[in-house]
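Okay, structure.txt is below, compact mmCIF, C-alpha atoms:
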# COMPACT_ATOMS: atom_id res chain seq x y z
CA MET A 1 -214.94 -10.86 -3.13
CA ILE A 2 -214.58 -14.04 -5.19
CA THR A 3 -217.62 -16.05 -6.26
CA LEU A 4 -217.34 -19.80 -6.82
CA SER A 5 -220.17 -21.80 -8.41
CA PHE A 6 -220.98 -25.46 -7.96
CA LYS A 7 -223.50 -27.78 -9.57
CA THR A 8 -224.84 -30.22 -7.03
CA ALA A 9 -226.18 -33.63 -8.04
CA GLU A 10 -228.72 -34.75 -5.44
CA ARG A 11 -231.32 -33.28 -3.07
CA VAL A 12 -228.79 -33.59 -0.26
CA ASP A 13 -225.28 -33.27 -1.65
CA ILE A 14 -222.22 -32.59 0.48
CA VAL A 15 -219.43 -31.57 -1.90
CA ASP A 16 -215.72 -31.34 -1.08
CA ILE A 17 -214.58 -27.88 -2.26
CA THR A 18 -211.19 -27.88 -0.48
CA ASP A 19 -209.04 -27.86 -3.63
CA LEU A 20 -210.87 -24.86 -5.07
CA VAL A 21 -210.43 -22.89 -1.85
CA ILE A 22 -206.69 -23.75 -1.83
CA GLN A 23 -206.43 -22.63 -5.49
CA GLU A 24 -208.17 -19.30 -4.87
CA VAL A 25 -205.90 -18.56 -1.91
CA ALA A 26 -202.83 -19.45 -4.01
CA LYS A 27 -203.94 -17.06 -6.81
CA THR A 28 -203.87 -14.09 -4.42
CA SER A 29 -200.20 -14.67 -3.43
CA ILE A 30 -201.18 -13.77 0.15
CA ASN A 31 -198.76 -15.44 2.54
CA SER A 32 -200.46 -14.86 5.88
CA GLY A 33 -204.07 -13.85 6.56
CA VAL A 34 -207.56 -15.22 6.60
CA VAL A 35 -210.14 -16.60 4.19
CA ASN A 36 -213.84 -16.13 4.98
CA LEU A 37 -216.35 -18.35 3.20
CA TYR A 38 -220.01 -17.35 2.92
CA VAL A 39 -222.94 -19.21 1.34
CA PRO A 40 -225.68 -16.82 0.12
CA HIS A 41 -228.45 -19.45 0.21
CA THR A 42 -231.01 -20.47 2.86
CA THR A 43 -231.03 -24.21 2.16
CA CYS A 44 -227.29 -24.72 1.70
CA GLY A 45 -224.45 -24.29 4.20
CA VAL A 46 -220.73 -24.86 4.59
CA THR A 47 -218.84 -27.04 7.08
CA ILE A 48 -215.39 -28.41 7.81
CA ASN A 49 -215.05 -32.14 8.35
CA GLU A 50 -213.20 -35.27 7.28
CA SER A 51 -212.35 -35.55 3.60
CA ALA A 52 -210.51 -38.91 3.71
CA ASP A 53 -213.33 -41.48 4.03
CA PRO A 54 -216.49 -40.69 2.01
CA ASP A 55 -218.48 -42.73 4.55
CA VAL A 56 -218.24 -39.80 6.97
CA VAL A 57 -220.24 -37.63 4.57
CA ARG A 58 -222.61 -40.52 3.89
CA ASP A 59 -223.24 -41.04 7.62
CA MET A 60 -223.72 -37.30 8.12
CA LYS A 61 -226.34 -37.11 5.34
CA MET A 62 -228.15 -40.15 6.74
CA HIS A 63 -228.18 -38.95 10.32
CA LEU A 64 -229.18 -35.36 9.52
CA ALA A 65 -232.16 -36.84 7.63
CA LYS A 66 -233.03 -38.84 10.76
CA MET A 67 -232.79 -35.78 13.02
CA VAL A 68 -234.63 -33.48 10.59
CA PRO A 69 -236.89 -35.58 8.33
CA GLN A 70 -238.27 -33.98 5.16
CA ASP A 71 -241.74 -35.08 6.23
CA GLY A 72 -241.55 -33.52 9.71
CA GLY A 73 -245.06 -32.08 9.84
CA PHE A 74 -243.92 -28.70 8.54
CA ARG A 75 -246.12 -25.85 7.29
CA HIS A 76 -243.77 -23.95 4.88
CA TYR A 77 -245.39 -24.33 1.46
CA GLU A 78 -242.20 -25.20 -0.42
CA GLY A 79 -241.81 -28.50 1.45
CA ASN A 80 -238.16 -27.86 2.26
CA SER A 81 -238.25 -26.77 5.90
CA ASP A 82 -235.88 -29.64 6.70
CA SER A 83 -233.33 -28.01 4.35
CA HIS A 84 -233.70 -24.62 6.08
CA ILE A 85 -233.31 -26.15 9.56
CA LYS A 86 -230.22 -28.18 8.59
CA THR A 87 -228.68 -25.01 7.10
CA SER A 88 -228.98 -23.16 10.42
CA MET A 89 -227.56 -26.20 12.26
CA ILE A 90 -224.53 -26.41 9.95
CA GLY A 91 -224.05 -22.67 9.39
CA SER A 92 -223.54 -20.32 6.45
CA SER A 93 -219.93 -19.29 6.97
CA GLU A 94 -216.44 -20.43 7.92
CA THR A 95 -213.24 -18.59 8.77
CA ILE A 96 -209.94 -20.30 7.95
CA PHE A 97 -206.43 -18.95 8.59
CA ILE A 98 -203.80 -18.63 5.84
CA GLU A 99 -200.14 -19.39 6.56
CA GLN A 100 -197.34 -19.81 4.00
CA GLY A 101 -199.81 -19.13 1.20
CA ARG A 102 -202.19 -21.96 2.12
CA PRO A 103 -205.39 -22.36 4.16
CA VAL A 104 -204.42 -23.88 7.53
CA LEU A 105 -206.43 -27.10 7.66
CA GLY A 106 -205.89 -30.08 9.96
CA THR A 107 -204.57 -33.34 8.45
CA TRP A 108 -208.05 -34.79 7.92
CA GLN A 109 -209.98 -31.57 7.38
CA GLY A 110 -211.70 -30.58 4.16
CA VAL A 111 -214.17 -27.80 3.32
CA PHE A 112 -217.64 -28.97 2.29
CA LEU A 113 -220.53 -27.23 0.59
CA CYS A 114 -223.72 -28.75 2.06
CA ASP A 115 -226.63 -28.52 -0.34
CA PHE A 116 -229.78 -29.58 1.52
CA ASP A 117 -232.20 -28.76 -1.30
CA GLY A 118 -230.53 -29.63 -4.57
CA PRO A 119 -229.74 -30.39 -7.21
CA ARG A 120 -228.97 -26.77 -8.10
CA THR A 121 -226.19 -24.37 -8.97
CA ARG A 122 -224.88 -23.02 -5.68
CA LYS A 123 -222.53 -20.16 -4.91
CA VAL A 124 -219.86 -19.64 -2.28
CA PHE A 125 -218.38 -16.18 -1.66
CA LEU A 126 -214.74 -15.94 -0.60
CA ARG A 127 -213.02 -12.99 1.05
CA ILE A 128 -209.25 -13.41 1.24
CA LYS A 129 -207.49 -10.85 3.41
CA GLU A 130 -203.80 -10.30 4.20
CA ASP A 131 -202.72 -9.79 7.80
CA MET B 132 -200.93 -17.75 14.72
CA ILE B 133 -200.82 -19.11 18.27
CA THR B 134 -201.29 -22.82 18.96
CA LEU B 135 -202.76 -23.98 22.27
CA SER B 136 -202.75 -27.65 23.27
CA PHE B 137 -205.12 -29.44 25.60
CA LYS B 138 -205.23 -32.97 27.01
CA THR B 139 -208.81 -34.17 27.21
CA ALA B 140 -209.86 -36.81 29.75
CA GLU B 141 -212.92 -38.62 28.36
CA ARG B 142 -214.41 -39.70 25.03
CA VAL B 143 -216.70 -36.67 25.19
CA ASP B 144 -215.00 -33.87 27.09
CA ILE B 145 -216.12 -30.26 26.99
CA VAL B 146 -213.29 -28.19 28.45
CA ASP B 147 -213.49 -24.55 29.56
CA ILE B 148 -210.56 -22.76 27.86
CA THR B 149 -211.71 -19.19 28.59
CA ASP B 150 -208.81 -18.25 30.89
CA LEU B 151 -206.21 -19.34 28.35
CA VAL B 152 -207.87 -17.28 25.61
CA ILE B 153 -207.93 -14.24 27.93
CA GLN B 154 -204.23 -14.77 28.74
CA GLU B 155 -203.19 -15.03 25.09
CA VAL B 156 -205.08 -11.85 24.24
CA ALA B 157 -203.44 -10.06 27.21
CA LYS B 158 -199.94 -11.13 26.05
CA THR B 159 -200.41 -9.35 22.71
CA SER B 160 -201.16 -5.97 24.35
CA ILE B 161 -203.82 -5.42 21.67
CA ASN B 162 -206.47 -3.07 23.00
CA SER B 163 -209.17 -3.33 20.36
CA GLY B 164 -209.58 -6.01 17.68
CA VAL B 165 -210.70 -9.54 17.19
CA VAL B 166 -209.64 -13.06 18.18
CA ASN B 167 -210.43 -15.95 15.83
CA LEU B 168 -210.37 -19.48 17.23
CA TYR B 169 -209.98 -22.49 14.94
CA VAL B 170 -209.91 -26.20 15.79
CA PRO B 171 -207.91 -28.25 13.23
CA HIS B 172 -209.66 -31.55 14.04
CA THR B 173 -212.68 -33.33 12.54
CA THR B 174 -214.06 -34.80 15.78
CA CYS B 175 -213.56 -31.78 18.03
CA GLY B 176 -215.15 -28.33 17.87
CA VAL B 177 -215.39 -25.08 19.78
CA THR B 178 -218.43 -23.36 21.26
CA ILE B 179 -219.42 -20.51 23.55
CA ASN B 180 -221.80 -21.26 26.40
CA GLU B 181 -222.34 -20.98 30.15
CA SER B 182 -219.31 -21.48 32.33
CA ALA B 183 -220.98 -20.90 35.74
CA ASP B 184 -222.88 -24.16 36.37
CA PRO B 185 -221.09 -27.36 35.22
CA ASP B 186 -224.50 -29.01 34.84
CA VAL B 187 -224.99 -27.05 31.60
CA VAL B 188 -222.02 -28.87 30.04
CA ARG B 189 -223.20 -32.16 31.56
CA ASP B 190 -226.69 -31.70 30.06
CA MET B 191 -225.21 -30.75 26.70
CA LYS B 192 -223.03 -33.88 26.59
CA MET B 193 -225.98 -36.08 27.57
CA HIS B 194 -228.39 -34.56 25.08
CA LEU B 195 -225.94 -34.52 22.15
CA ALA B 196 -225.42 -38.28 22.81
CA LYS B 197 -229.19 -38.72 22.64
CA MET B 198 -229.48 -36.78 19.37
CA VAL B 199 -226.42 -38.43 17.79
CA PRO B 200 -225.84 -41.84 19.41
CA GLN B 201 -222.45 -43.54 18.92
CA ASP B 202 -224.30 -46.66 17.76
CA GLY B 203 -226.39 -44.89 15.13
CA GLY B 204 -226.11 -47.48 12.37
CA PHE B 205 -223.14 -45.76 10.79
CA ARG B 206 -220.81 -47.17 8.13
CA HIS B 207 -217.56 -45.21 8.72
CA TYR B 208 -215.01 -47.87 9.76
CA GLU B 209 -213.55 -45.90 12.68
CA GLY B 210 -216.83 -46.05 14.65
CA ASN B 211 -216.78 -42.33 15.42
CA SER B 212 -219.31 -40.91 12.95
CA ASP B 213 -221.22 -39.50 15.91
CA SER B 214 -218.13 -37.42 16.78
CA HIS B 215 -217.86 -36.10 13.22
CA ILE B 216 -221.56 -35.16 13.07
CA LYS B 217 -221.48 -33.38 16.46
CA THR B 218 -218.41 -31.44 15.30
CA SER B 219 -220.28 -30.05 12.27
CA MET B 220 -223.28 -29.21 14.49
CA ILE B 221 -221.13 -27.30 17.01
CA GLY B 222 -218.64 -25.82 14.53
CA SER B 223 -214.86 -25.52 14.18
CA SER B 224 -214.39 -21.80 14.75
CA GLU B 225 -215.44 -18.78 16.78
CA THR B 226 -214.86 -15.04 16.39
CA ILE B 227 -214.73 -12.92 19.55
CA PHE B 228 -214.20 -9.15 19.76
CA ILE B 229 -211.45 -7.57 21.87
CA GLU B 230 -212.07 -4.32 23.77
CA GLN B 231 -209.83 -2.79 26.45
CA GLY B 232 -207.37 -5.64 26.03
CA ARG B 233 -209.88 -8.41 26.80
CA PRO B 234 -212.15 -10.74 24.83
CA VAL B 235 -215.68 -9.33 24.98
CA LEU B 236 -217.70 -12.14 26.57
CA GLY B 237 -221.14 -11.93 28.15
CA THR B 238 -221.45 -12.29 31.93
CA TRP B 239 -222.12 -16.03 31.77
CA GLN B 240 -220.17 -16.87 28.61
CA GLY B 241 -217.11 -19.07 28.47
CA VAL B 242 -215.20 -20.62 25.56
CA PHE B 243 -215.30 -24.42 25.39
CA LEU B 244 -213.25 -26.95 23.49
CA CYS B 245 -215.61 -29.82 22.63
CA ASP B 246 -213.76 -33.10 22.19
CA PHE B 247 -216.20 -35.67 20.82
CA ASP B 248 -213.64 -38.45 20.31
CA GLY B 249 -211.14 -38.26 23.15
CA PRO B 250 -209.24 -38.64 25.26
CA ARG B 251 -206.52 -37.05 23.14
CA THR B 252 -204.24 -34.05 22.88
CA ARG B 253 -206.18 -31.39 20.96
CA LYS B 254 -205.09 -28.12 19.40
CA VAL B 255 -206.77 -24.75 19.04
CA PHE B 256 -205.31 -22.10 16.73
CA LEU B 257 -205.72 -18.43 17.70
CA ARG B 258 -205.38 -15.41 15.43
CA ILE B 259 -205.39 -12.14 17.35
CA LYS B 260 -205.69 -9.06 15.19
CA GLU B 261 -205.69 -5.36 16.04
CA ASP B 262 -208.35 -3.09 14.53
CA MET C 263 -218.19 -1.93 18.59
CA ILE C 264 -221.87 -1.19 18.17
CA THR C 265 -224.47 -2.60 20.58
CA LEU C 266 -228.03 -3.26 19.40
CA SER C 267 -230.80 -4.15 21.86
CA PHE C 268 -233.95 -6.13 21.20
CA LYS C 269 -236.99 -6.95 23.31
CA THR C 270 -238.17 -10.46 22.58
CA ALA C 271 -241.79 -11.50 23.09
CA GLU C 272 -241.90 -15.24 23.76
CA ARG C 273 -239.80 -17.97 25.40
CA VAL C 274 -238.58 -18.95 21.93
CA ASP C 275 -238.54 -15.92 19.66
CA ILE C 276 -236.68 -15.77 16.36
CA VAL C 277 -236.54 -12.10 15.36
CA ASP C 278 -235.60 -10.71 11.93
CA ILE C 279 -232.91 -8.05 12.56
CA THR C 280 -231.77 -7.67 8.95
CA ASP C 281 -232.92 -4.06 8.49
CA LEU C 282 -231.09 -2.90 11.61
CA VAL C 283 -227.86 -4.54 10.44
CA ILE C 284 -228.24 -2.88 7.03
CA GLN C 285 -228.82 0.50 8.72
CA GLU C 286 -225.77 0.20 10.97
CA VAL C 287 -223.57 -0.69 8.00
CA ALA C 288 -224.97 2.28 6.05
CA LYS C 289 -224.19 4.67 8.93
CA THR C 290 -220.48 3.81 8.77
CA SER C 291 -220.18 4.76 5.06
CA ILE C 292 -217.90 1.73 4.63
CA ASN C 293 -218.06 0.58 1.04
CA SER C 294 -216.25 -2.75 1.19
CA GLY C 295 -215.43 -4.84 4.26
CA VAL C 296 -216.98 -7.15 6.76
CA VAL C 297 -219.55 -7.06 9.56
CA ASN C 298 -219.17 -9.46 12.49
CA LEU C 299 -222.19 -10.12 14.69
CA TYR C 300 -221.79 -11.49 18.20
CA VAL C 301 -224.44 -12.39 20.78
CA PRO C 302 -223.16 -12.09 24.38
CA HIS C 303 -225.74 -14.48 25.86
CA THR C 304 -225.73 -18.23 26.56
CA THR C 305 -229.37 -18.93 25.71
CA CYS C 306 -229.65 -16.78 22.58
CA GLY C 307 -227.86 -17.11 19.23
CA VAL C 308 -227.81 -15.66 15.74
CA THR C 309 -228.46 -17.33 12.39
CA ILE C 310 -229.01 -16.54 8.74
CA ASN C 311 -232.04 -18.03 7.04
CA GLU C 312 -235.12 -17.25 4.95
CA SER C 313 -236.93 -14.02 5.73
CA ALA C 314 -239.68 -14.26 3.08
CA ASP C 315 -242.11 -16.83 4.52
CA PRO C 316 -242.62 -16.65 8.32
CA ASP C 317 -243.53 -20.36 8.25
CA VAL C 318 -239.80 -21.16 7.92
CA VAL C 319 -239.14 -19.61 11.33
CA ARG C 320 -242.26 -21.27 12.74
CA ASP C 321 -241.13 -24.69 11.48
CA MET C 322 -237.63 -24.11 12.84
CA LYS C 323 -238.95 -23.23 16.32
CA MET C 324 -241.23 -26.28 16.31
CA HIS C 325 -238.58 -28.70 15.15
CA LEU C 326 -235.84 -27.42 17.46
CA ALA C 327 -238.31 -28.00 20.34
CA LYS C 328 -238.79 -31.56 19.11
CA MET C 329 -235.03 -32.20 18.88
CA VAL C 330 -234.25 -30.50 22.19
CA PRO C 331 -237.35 -30.60 24.44
CA GLN C 332 -237.48 -28.32 27.48
CA ASP C 333 -238.33 -31.35 29.61
CA GLY C 334 -235.38 -33.46 28.41
CA GLY C 335 -234.39 -34.94 31.77
CA PHE C 336 -231.86 -32.19 32.43
CA ARG C 337 -230.10 -31.43 35.72
CA HIS C 338 -229.23 -27.69 35.38
CA TYR C 339 -231.24 -25.99 38.13
CA GLU C 340 -232.53 -23.12 35.96
CA GLY C 341 -234.61 -25.46 33.79
CA ASN C 342 -233.30 -23.96 30.56
CA SER C 343 -230.73 -26.50 29.40
CA ASP C 344 -232.69 -26.83 26.15
CA SER C 345 -232.02 -23.12 25.53
CA HIS C 346 -228.28 -23.55 26.14
CA ILE C 347 -228.05 -26.57 23.84
CA LYS C 348 -229.97 -24.86 21.01
CA THR C 349 -227.65 -21.85 21.34
CA SER C 350 -224.56 -24.00 20.73
CA MET C 351 -226.29 -25.70 17.79
CA ILE C 352 -227.20 -22.36 16.15
CA GLY C 353 -224.07 -20.44 17.16
CA SER C 354 -223.24 -17.08 18.75
CA SER C 355 -221.72 -15.25 15.80
CA GLU C 356 -221.96 -14.55 12.07
CA THR C 357 -219.61 -12.93 9.57
CA ILE C 358 -221.16 -11.12 6.61
CA PHE C 359 -219.32 -9.33 3.80
CA ILE C 360 -219.97 -5.71 2.85
CA GLU C 361 -219.95 -4.60 -0.80
CA GLN C 362 -221.19 -1.27 -2.17
CA GLY C 363 -222.07 -0.14 1.34
CA ARG C 364 -224.43 -3.04 2.06
CA PRO C 365 -224.21 -6.45 3.76
CA VAL C 366 -223.97 -9.08 1.01
CA LEU C 367 -226.98 -11.30 1.63
CA GLY C 368 -228.57 -13.80 -0.74
CA THR C 369 -231.98 -13.02 -2.24
CA TRP C 370 -233.88 -14.90 0.48
CA GLN C 371 -231.45 -14.42 3.37
CA GLY C 372 -232.17 -12.47 6.51
CA VAL C 373 -230.33 -12.19 9.83
CA PHE C 374 -232.19 -13.60 12.84
CA LEU C 375 -231.69 -13.19 16.57
CA CYS C 376 -232.72 -16.52 18.15
CA ASP C 377 -233.87 -16.10 21.72
CA PHE C 378 -234.32 -19.56 23.26
CA ASP C 379 -235.07 -18.34 26.78
CA GLY C 380 -237.13 -15.19 26.53
CA PRO C 381 -238.91 -12.95 26.75
CA ARG C 382 -236.00 -10.66 27.62
CA THR C 383 -233.97 -7.72 26.39
CA ARG C 384 -231.16 -9.18 24.28
CA LYS C 385 -228.02 -7.61 22.86
CA VAL C 386 -226.12 -8.09 19.62
CA PHE C 387 -222.63 -6.64 19.18
CA LEU C 388 -221.56 -5.49 15.71
CA ARG C 389 -218.01 -4.90 14.47
CA ILE C 390 -217.93 -3.23 11.08
CA LYS C 391 -214.50 -3.17 9.46
CA GLU C 392 -213.29 -1.67 6.18
CA ASP C 393 -211.11 -3.78 3.87

Using structure tokens, write down the structure from this file.
Amino acid sequence: MITLSFKTAERVDIVDITDLVIQEVAKTSINSGVVNLYVPHTTCGVTINESADPDVVRDMKMHLAKMVPQDGGFRHYEGNSDSHIKTSMIGSSETIFIEQGRPVLGTWQGVFLCDFDGPRTRKVFLRIKED
Amino acid sequence: MITLSFKTAERVDIVDITDLVIQEVAKTSINSGVVNLYVPHTTCGVTINESADPDVVRDMKMHLAKMVPQDGGFRHYEGNSDSHIKTSMIGSSETIFIEQGRPVLGTWQGVFLCDFDGPRTRKVFLRIKED
Amino acid sequence: MITLSFKTAERVDIVDITDLVIQEVAKTSINSGVVNLYVPHTTCGVTINESADPDVVRDMKMHLAKMVPQDGGFRHYEGNSDSHIKTSMIGSSETIFIEQGRPVLGTWQGVFLCDFDGPRTRKVFLRIKED
């Protein structure tokens, strides 16, 4: 199991980690297999979406805040129930195939760490397995 | 890795692909294992839900449009931020077990390709692995 | 494949099943690997979130009901389209790593069965695989 660490910069920070995932897969010299990503936090998830236009991430942050406002009449004493709810909506894990030594991503796809309660240092666990 | 292709018919089209997944698993003659599904698009996902009554899919399409309207004050120049956001809410992958040569689905479960920015030709990658 | 059964107590019941997952992993004596969880229902999912303060689950139930109300103008004759939609938002499966004979969960993480149309007896399938 590989552990990657990231420093996020804002309360809600959606960070493109695609290059790091590609690098970790390359290091293993595995040609064909699978890479599992897992985020061990409860207010931070991982998703796959467009990495070309940063406005996609901007729109996603804005609209998630509209759907799940921080001030949503919540009871949890830490005041971050919105972050917990968004995490369960986005999910804590992803499974990506490996072919020819690289994660198989679509043309526009990137891998994003979604911190919903930053800024903090966040971890992602990777499991890279040969077929 | 197996690639399946689908032509979708509407901007938002949720297509039952269960039979094709069952067929691909059957072709491999694998008795026990796992099938991973992965959608290499950023405005199209995959989910598991009820395949018996088409009104479930109809209600899902209608309500997702209510939660994430196309005209949501977005900035992304392609005008399909709603499609990107729905994709991250639904997810890009699924993992289904295989027993006795078949995907293990509940009585009412089917596998659905969720095109949120069609109509287009969409791909689903399958990885079928023996235990 | 291991099958766990749970009796839920309310229409929307989010049940902490972490200890049972830990026990099943321990029984296998697998040191390093992966555990896949799969829910074979269409109105019940599985998620990973905070298990320390029960108010997190309470807030999640409340806010999901706000985002997807039971009386949302749906057509599906069973009157549980909200339950189906929440299930696709939360997801039907999770993949958790195993290290040193235990599921690798973050400090605050627990595994939760999310029944959106209870009370019922619900199943979770587990596949525990050595690396």

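Proximity to chain C was assessed for B:Glu155, B:Asp184, B:Asp248, B:Asp147 counting only C-alpha atoms; the smallest distance is recorded for B:Asp184.
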
Can you list every residue of chain C that has an atom at most 6 Å from chain A, with its nearest atom pair and the distance in Å to one decimal, using all atoms listed in the file, ordered by chain then number, as a tab-separated table?
residue	atom	partner	partner_atom	distance
C:Asn311	CA	A:Thr42	CA	4.9
C:Glu312	CA	A:Thr42	CA	5.6
C:Asp317	CA	A:His76	CA	4.9
C:Val318	CA	A:His76	CA	5.7
C:Asp321	CA	A:Phe74	CA	5.7
C:Met322	CA	A:Ile85	CA	5.8
C:Met351	CA	A:Met89	CA	5.7
C:Ile352	CA	A:Met89	CA	5.5
C:Leu367	CA	A:Pro40	CA	5.9
C:Gly368	CA	A:Pro40	CA	4.3

Chain fit, chain C moved to chain A over all Cα pairs in order, as a CSV table (one decimal) with C-alpha atoms, keeping the file's coordinate frame:
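The new file result.csv reads:
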chain,number,residue,atom,x,y,z
C,263,MET,CA,-214.9,-10.9,-3.1
C,264,ILE,CA,-214.6,-14.0,-5.2
C,265,THR,CA,-217.6,-16.1,-6.3
C,266,LEU,CA,-217.3,-19.8,-6.8
C,267,SER,CA,-220.2,-21.8,-8.4
C,268,PHE,CA,-221.0,-25.5,-8.0
C,269,LYS,CA,-223.5,-27.8,-9.6
C,270,THR,CA,-224.8,-30.2,-7.0
C,271,ALA,CA,-226.2,-33.6,-8.0
C,272,GLU,CA,-228.7,-34.8,-5.5
C,273,ARG,CA,-231.3,-33.3,-3.1
C,274,VAL,CA,-228.8,-33.6,-0.3
C,275,ASP,CA,-225.3,-33.3,-1.7
C,276,ILE,CA,-222.2,-32.6,0.5
C,277,VAL,CA,-219.4,-31.6,-1.9
C,278,ASP,CA,-215.7,-31.4,-1.1
C,279,ILE,CA,-214.6,-27.9,-2.3
C,280,THR,CA,-211.2,-27.9,-0.5
C,281,ASP,CA,-209.0,-27.8,-3.6
C,282,LEU,CA,-210.9,-24.9,-5.1
C,283,VAL,CA,-210.4,-22.9,-1.9
C,284,ILE,CA,-206.7,-23.7,-1.8
C,285,GLN,CA,-206.4,-22.6,-5.5
C,286,GLU,CA,-208.2,-19.3,-4.9
C,287,VAL,CA,-205.9,-18.6,-1.9
C,288,ALA,CA,-202.8,-19.4,-4.0
C,289,LYS,CA,-203.9,-17.1,-6.8
C,290,THR,CA,-203.9,-14.1,-4.4
C,291,SER,CA,-200.2,-14.7,-3.4
C,292,ILE,CA,-201.2,-13.8,0.2
C,293,ASN,CA,-198.8,-15.4,2.5
C,294,SER,CA,-200.5,-14.9,5.9
C,295,GLY,CA,-204.1,-13.9,6.6
C,296,VAL,CA,-207.6,-15.2,6.6
C,297,VAL,CA,-210.1,-16.6,4.2
C,298,ASN,CA,-213.8,-16.1,5.0
C,299,LEU,CA,-216.4,-18.4,3.2
C,300,TYR,CA,-220.0,-17.4,2.9
C,301,VAL,CA,-222.9,-19.2,1.3
C,302,PRO,CA,-225.7,-16.8,0.1
C,303,HIS,CA,-228.4,-19.5,0.2
C,304,THR,CA,-231.0,-20.5,2.9
C,305,THR,CA,-231.0,-24.2,2.2
C,306,CYS,CA,-227.3,-24.7,1.7
C,307,GLY,CA,-224.4,-24.3,4.2
C,308,VAL,CA,-220.7,-24.9,4.6
C,309,THR,CA,-218.8,-27.0,7.1
C,310,ILE,CA,-215.4,-28.4,7.8
C,311,ASN,CA,-215.0,-32.1,8.4
C,312,GLU,CA,-213.2,-35.3,7.3
C,313,SER,CA,-212.3,-35.6,3.6
C,314,ALA,CA,-210.5,-38.9,3.7
C,315,ASP,CA,-213.3,-41.5,4.0
C,316,PRO,CA,-216.5,-40.7,2.0
C,317,ASP,CA,-218.5,-42.8,4.6
C,318,VAL,CA,-218.2,-39.8,7.0
C,319,VAL,CA,-220.2,-37.6,4.6
C,320,ARG,CA,-222.6,-40.5,3.9
C,321,ASP,CA,-223.2,-41.0,7.6
C,322,MET,CA,-223.7,-37.3,8.1
C,323,LYS,CA,-226.3,-37.1,5.3
C,324,MET,CA,-228.2,-40.1,6.7
C,325,HIS,CA,-228.2,-38.9,10.3
C,326,LEU,CA,-229.2,-35.4,9.5
C,327,ALA,CA,-232.2,-36.8,7.6
C,328,LYS,CA,-233.0,-38.8,10.7
C,329,MET,CA,-232.8,-35.8,13.0
C,330,VAL,CA,-234.6,-33.5,10.6
C,331,PRO,CA,-236.9,-35.6,8.3
C,332,GLN,CA,-238.3,-34.0,5.2
C,333,ASP,CA,-241.8,-35.1,6.2
C,334,GLY,CA,-241.5,-33.5,9.7
C,335,GLY,CA,-245.1,-32.1,9.9
C,336,PHE,CA,-243.9,-28.7,8.5
C,337,ARG,CA,-246.1,-25.9,7.3
C,338,HIS,CA,-243.8,-23.9,4.9
C,339,TYR,CA,-245.4,-24.3,1.5
C,340,GLU,CA,-242.2,-25.2,-0.4
C,341,GLY,CA,-241.8,-28.5,1.5
C,342,ASN,CA,-238.2,-27.8,2.3
C,343,SER,CA,-238.3,-26.8,5.9
C,344,ASP,CA,-235.9,-29.6,6.7
C,345,SER,CA,-233.3,-28.0,4.3
C,346,HIS,CA,-233.7,-24.6,6.1
C,347,ILE,CA,-233.3,-26.1,9.5
C,348,LYS,CA,-230.2,-28.2,8.6
C,349,THR,CA,-228.7,-25.0,7.1
C,350,SER,CA,-229.0,-23.2,10.4
C,351,MET,CA,-227.6,-26.2,12.3
C,352,ILE,CA,-224.5,-26.4,9.9
C,353,GLY,CA,-224.0,-22.7,9.4
C,354,SER,CA,-223.5,-20.3,6.4
C,355,SER,CA,-219.9,-19.3,7.0
C,356,GLU,CA,-216.4,-20.4,7.9
C,357,THR,CA,-213.2,-18.6,8.8
C,358,ILE,CA,-209.9,-20.3,7.9
C,359,PHE,CA,-206.4,-18.9,8.6
C,360,ILE,CA,-203.8,-18.6,5.9
C,361,GLU,CA,-200.1,-19.4,6.6
C,362,GLN,CA,-197.4,-19.8,4.0
C,363,GLY,CA,-199.8,-19.1,1.2
C,364,ARG,CA,-202.2,-22.0,2.1
C,365,PRO,CA,-205.4,-22.4,4.2
C,366,VAL,CA,-204.4,-23.9,7.5
C,367,LEU,CA,-206.4,-27.1,7.7
C,368,GLY,CA,-205.9,-30.1,9.9
C,369,THR,CA,-204.6,-33.3,8.5
C,370,TRP,CA,-208.0,-34.8,7.9
C,371,GLN,CA,-210.0,-31.6,7.4
C,372,GLY,CA,-211.7,-30.6,4.2
C,373,VAL,CA,-214.2,-27.8,3.3
C,374,PHE,CA,-217.6,-29.0,2.3
C,375,LEU,CA,-220.5,-27.2,0.6
C,376,CYS,CA,-223.7,-28.8,2.1
C,377,ASP,CA,-226.6,-28.5,-0.3
C,378,PHE,CA,-229.8,-29.6,1.5
C,379,ASP,CA,-232.2,-28.8,-1.3
C,380,GLY,CA,-230.6,-29.6,-4.6
C,381,PRO,CA,-229.7,-30.4,-7.2
C,382,ARG,CA,-229.0,-26.8,-8.1
C,383,THR,CA,-226.2,-24.4,-9.0
C,384,ARG,CA,-224.9,-23.0,-5.7
C,385,LYS,CA,-222.5,-20.2,-4.9
C,386,VAL,CA,-219.9,-19.6,-2.3
C,387,PHE,CA,-218.4,-16.2,-1.7
C,388,LEU,CA,-214.7,-15.9,-0.6
C,389,ARG,CA,-213.0,-13.0,1.1
C,390,ILE,CA,-209.3,-13.4,1.2
C,391,LYS,CA,-207.5,-10.8,3.4
C,392,GLU,CA,-203.8,-10.3,4.2
C,393,ASP,CA,-202.7,-9.8,7.8

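The residue that comes closest to Pro234 in chain B, out of B:Pro185, B:Gly164, B:Gly176, B:Gly249 and on the basis of only C-alpha atoms, is B:Gly164.
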
Expected axis-aligned box over every listed atom of range 281-284 of chain C, 4 Å added per side, centre plus edges in Å to one decimal, as lines of an AutoDock Vina configuration file:
center_x = -230.4
center_y = -3.7
center_z = 9.3
size_x = 13.1
size_y = 9.7
size_z = 12.6
